[in-house]
Amino acid sequence: MLNTWQVGEVHVTKIVESEGLWDPARLVPNATPENVREREWAVGPFVDADTGNLRVSIHTFGLEIGDEKILVDTCGGNDKVRPGSPNFHLQQSDFLERLASSGFPPEEVTAVVCTHLHVDHVGWNTILEGDEWRPTFPNARYLFGETEWKHWKVEPQIYGDVFGDSVQPVIEAGKAELIASDLQLNDLLWLEPTPGHTPGHHSVRISSDGDDAVITGDLIHSAVQFDHPEWASAPDVDPAQAATTRRSFIERYCDDHTLVLATHLGGPSCGHIHKQDVGWRLEPPK
């Protein structure tokens with residue numbers, strides 16, 4: 001399975017924490033095994049042909065640009081108490097070893113970009129040392145959207161104390177920067193506001209030497225949402241705004257050379273958006 005891409009000068013690596021087959025309705029309530037299998041283009045790459053379940057992946061994207069090593073989202077993490085989310089409750093995985101073997105040992109990571117502050121995007125921001133949560137990446141600056149931070153600082157997540165164990169310790173350690181969701185990180189990377197899933201959600205754009213890519217974050221959870229952008233994701237904070245944002249994103253990158261790198265799609269996890277007679281499809285690279 002392809003897990004690396006070259007976008008001009010930027011080398012992108014997908015590092016998986018967990019993956020599996022999920023009932024479509026867990027992520028997209030309007031989706032069923034029957035209606036997702038009607039999208040022949042999705043069956044195989046993104047949908048299991050036998051069950052109609054979605055291929056779902058929890059992964060980070062690692063970006064290498066010269067001496068910079070940047071992680072986009074940090075999955076669920078170990079030792080986190082998540083009574084509201086059994087998939088992430090008290091995990092014990094070898095994710096840090098996978099990061100290191102992929103070229104991202106924690107001490108070499110220079111920046112962590114969180115597309116938003118949900119449970120499965122901030123978990124490895126911290127590790128448990130004794131009874132205290134410490135930043136996992138000691139030499140990195142952590143970039144949190146200011147709008148996002150203000151929202152989750154006062155709004156509890158149903159999954160558990162995500163803010164308390166995976167965000168606040170980074171701020172207290174002086175490692176965090178609160179940023180605008182249209183920040184230009186460098187000449188090749190910038191953020192694009194994509195609100196709706198959460199108030200301060202943003203995607204990450206890469207452009208280098210005529211090549212382009214965009215990391216979606218949780219703008220989309222299932223390939224079928226390319227065909228039905230109006231179908232909400234179950235965790236969307238503002239489903240109406242999320243649907244508007246999804247459609248705008250799809251129209252912006254439709255029939256374009258920009259590679260879409262999707263944060264929760266399993267299988268190839270990527271593709272190009274193409275218009276169909278009705279709706280759109282995500283077509284993986286050949």
# chains A, B, ... in the order shown; residues from 1 in each chain; ligands from 1
>>> select_by_dssp(residues="region 18-139 of chain A", states="strand (DSSP E or B)", output="NGL selection string")
:A and (18-22 or 43 or 47 or 54-65 or 68-72 or 111-113 or 126-129 or 132-135)
>>> select_by_dssp(residues="region 35-158 of chain A", states="helix (DSSP H, G or I)", output="ChimeraX atom specification")
/A:35-37,86-88,95-101,106-108,119-125,146-154
>>> write_last_selection(atoms="C-alpha atoms", output="JSON list (two decimals), in the first residue's frame")
[["chain", "number", "residue", "atom", "x", "y", "z"],
["A", 35, "ASN", "CA", -25.82, 2.69, -0.43],
["A", 36, "VAL", "CA", -22.05, 2.99, -0.13],
["A", 37, "ARG", "CA", -21.65, -0.11, -2.33],
["A", 86, "PRO", "CA", -13.73, 2.71, 23.43],
["A", 87, "ASN", "CA", -11.51, 2.77, 20.33],
["A", 88, "PHE", "CA", -9.13, 5.17, 22.09],
["A", 95, "PHE", "CA", 3.02, 4.26, 17.38],
["A", 96, "LEU", "CA", 6.15, 6.11, 18.50],
["A", 97, "GLU", "CA", 8.28, 3.27, 17.17],
["A", 98, "ARG", "CA", 6.39, 3.48, 13.88],
["A", 99, "LEU", "CA", 7.04, 7.22, 13.76],
["A", 100, "ALA", "CA", 10.74, 6.68, 14.37],
["A", 101, "SER", "CA", 11.05, 3.95, 11.75],
["A", 106, "PRO", "CA", 10.07, 12.42, 18.58],
["A", 107, "GLU", "CA", 13.17, 14.49, 19.27],
["A", 108, "GLU", "CA", 13.55, 15.32, 15.54],
["A", 119, "VAL", "CA", -9.66, 13.12, 20.57],
["A", 120, "ASP", "CA", -8.04, 11.34, 17.61],
["A", 121, "HIS", "CA", -6.02, 14.33, 16.41],
["A", 122, "VAL", "CA", -4.21, 15.36, 19.58],
["A", 123, "GLY", "CA", -3.58, 12.13, 21.52],
["A", 124, "TRP", "CA", 0.14, 11.81, 20.92],
["A", 125, "ASN", "CA", 0.69, 15.47, 21.72],
["A", 146, "GLU", "CA", -6.98, 29.95, 18.40],
["A", 147, "THR", "CA", -10.69, 29.67, 17.55],
["A", 148, "GLU", "CA", -10.49, 25.94, 18.17],
["A", 149, "TRP", "CA", -8.66, 26.38, 21.44],
["A", 150, "LYS", "CA", -11.16, 28.94, 22.75],
["A", 151, "HIS", "CA", -14.05, 26.56, 21.95],
["A", 152, "TRP", "CA", -12.67, 23.40, 23.57],
["A", 153, "LYS", "CA", -11.24, 25.25, 26.54],
["A", 154, "VAL", "CA", -14.80, 25.64, 27.84]]
>>> closest_residue(among="A:Asp212, A:Asp227, A:Asp187, A:Glu129", to="Glu40 (chain A)", atoms="only C-alpha atoms")
A:Asp227
>>> residues_around(residues="Val43 (chain A)", least_positions_apart="5", cutoff="10 Å", atoms="only C-alpha atoms", output="MDAnalysis selection string")
chainID A and resid 36:38 48:50 52:55 223
>>> residues_around(residues="Asp161 (chain A)", least_positions_apart="4", cutoff="8 Å", atoms="only C-alpha atoms", output="list in words")
Val81, Arg82, Pro156, Gln157 and Asp165 of chain A
>>> write_last_selection(atoms="N, CA and C atoms", output="PDB file, in the first residue's frame")
ATOM      1  N   VAL A  81      -7.536   8.171  29.124  1.00  0.00           N
ATOM      2  CA  VAL A  81      -8.814   7.674  29.655  1.00  0.00           C
ATOM      3  C   VAL A  81      -9.922   8.244  28.774  1.00  0.00           C
ATOM      4  N   ARG A  82     -10.568   7.369  27.998  1.00  0.00           N
ATOM      5  CA  ARG A  82     -11.580   7.787  27.032  1.00  0.00           C
ATOM      6  C   ARG A  82     -12.854   6.956  27.190  1.00  0.00           C
ATOM      7  N   PRO A 156     -16.695  20.773  27.044  1.00  0.00           N
ATOM      8  CA  PRO A 156     -16.152  19.428  27.259  1.00  0.00           C
ATOM      9  C   PRO A 156     -16.449  18.508  26.075  1.00  0.00           C
ATOM     10  N   GLN A 157     -15.497  17.629  25.791  1.00  0.00           N
ATOM     11  CA  GLN A 157     -15.712  16.620  24.751  1.00  0.00           C
ATOM     12  C   GLN A 157     -16.331  15.374  25.379  1.00  0.00           C
ATOM     13  N   ASP A 165      -5.647  16.501  29.087  1.00  0.00           N
ATOM     14  CA  ASP A 165      -4.464  15.631  29.017  1.00  0.00           C
ATOM     15  C   ASP A 165      -3.654  15.771  27.732  1.00  0.00           C
TER      16      ASP A 165
END
>>> atom_distance(atom1="CA of Ser203 (chain A)", atom2="CA of Thr216 (chain A)")
5.0 Å
>>> closest_residue(among="A:Gln91, A:Ser102, A:Gln241, A:Asn78", to="Ile127 (chain A)", atoms="only C-alpha atoms")
A:Asn78
>>> residues_around(residues="Gly267 (chain A)", least_positions_apart="2", cutoff="6 Å", atoms="only C-alpha atoms", output="tab-separated table (two decimals) with C-alpha atoms, in the first residue's frame")
chain	number	residue	atom	x	y	z
A	45	PRO	CA	-10.14	1.24	-2.34
A	46	PHE	CA	-12.37	2.82	0.31
A	269	SER	CA	-6.18	7.39	1.71
>>> closest_residue(among="A:His201, A:Arg141, A:His228, A:His264", to="Ala173 (chain A)", atoms="only C-alpha atoms")
A:Arg141
>>> atom_distance(atom1="CA of Phe61 (chain A)", atom2="CA of Val12 (chain A)")
6.5 Å
>>> closest_residue(among="A:Asp182, A:Arg246, A:Ala262, A:Phe226", to="Arg39 (chain A)", atoms="only C-alpha atoms")
A:Phe226
>>> atom_distance(atom1="CA of Ser207 (chain A)", atom2="CA of Val72 (chain A)")
15.6 Å
>>> closest_residue(among="A:His221, A:His89, A:Lys80, A:His202", to="Phe144 (chain A)", atoms="only C-alpha atoms")
A:His202
>>> closest_residue(among="A:Leu261, A:Pro138, A:Ala176, A:Ala42", to="Ile206 (chain A)", atoms="only C-alpha atoms")
A:Leu261
>>> residues_around(residues="region 68-71 of chain A", least_positions_apart="4", cutoff="12 Å", atoms="only C-alpha atoms", output="short mmCIF file (atom, residue, chain, number, x, y, z; two decimals) with C-alpha atoms, in the first residue's frame")
data_model
loop_
_atom_site.label_atom_id
_atom_site.label_comp_id
_atom_site.auth_asym_id
_atom_site.auth_seq_id
_atom_site.Cartn_x
_atom_site.Cartn_y
_atom_site.Cartn_z
CA GLU A 9 10.18 19.40 -2.39
CA VAL A 10 7.83 18.02 0.26
CA HIS A 11 8.02 14.33 1.16
CA VAL A 12 4.78 13.13 2.76
CA THR A 13 4.48 9.92 4.80
CA LYS A 14 1.33 8.37 6.25
CA ILE A 15 2.00 6.72 9.63
CA HIS A 59 -3.05 8.16 10.96
CA THR A 60 -0.77 11.14 10.97
CA PHE A 61 0.84 12.71 7.94
CA GLY A 62 4.53 13.45 8.36
CA LEU A 63 6.02 16.17 6.15
CA GLU A 64 9.74 16.48 5.46
CA CYS A 75 -3.96 10.30 16.47
CA LEU A 99 7.04 7.22 13.76
CA ALA A 100 10.74 6.68 14.37
CA SER A 102 9.30 6.27 9.27
CA GLY A 103 11.88 9.00 9.86
CA PHE A 104 10.12 10.95 12.62
CA PRO A 105 11.70 10.13 16.00
CA PRO A 106 10.07 12.42 18.58
CA GLU A 107 13.17 14.49 19.27
CA GLU A 108 13.55 15.32 15.54
CA VAL A 109 10.00 16.60 15.01
CA THR A 110 10.14 20.38 14.55
CA ALA A 111 6.41 21.19 14.44
CA VAL A 112 3.02 19.64 15.18
CA VAL A 113 -0.02 21.01 13.35
CA CYS A 114 -3.43 19.99 14.68
CA THR A 115 -6.23 20.43 12.14
CA HIS A 121 -6.02 14.33 16.41
CA VAL A 122 -4.21 15.36 19.58
CA TRP A 124 0.14 11.81 20.92
CA ASN A 125 0.69 15.47 21.72
CA THR A 136 5.88 14.01 23.33
CA PHE A 137 7.93 16.09 20.91
CA ASN A 139 11.83 20.21 20.23
CA ALA A 140 8.61 20.94 18.35
CA ARG A 141 6.34 23.93 18.31
CA TYR A 142 2.71 22.88 18.54
CA LEU A 143 0.29 24.91 16.42
CA LEU A 185 3.70 28.19 7.75
CA ASN A 186 6.43 28.65 5.15
CA LEU A 188 5.34 25.71 0.68
CA LEU A 189 2.72 25.19 3.41
CA VAL A 204 -3.27 21.95 5.30
CA ILE A 215 -4.59 17.32 3.86
#
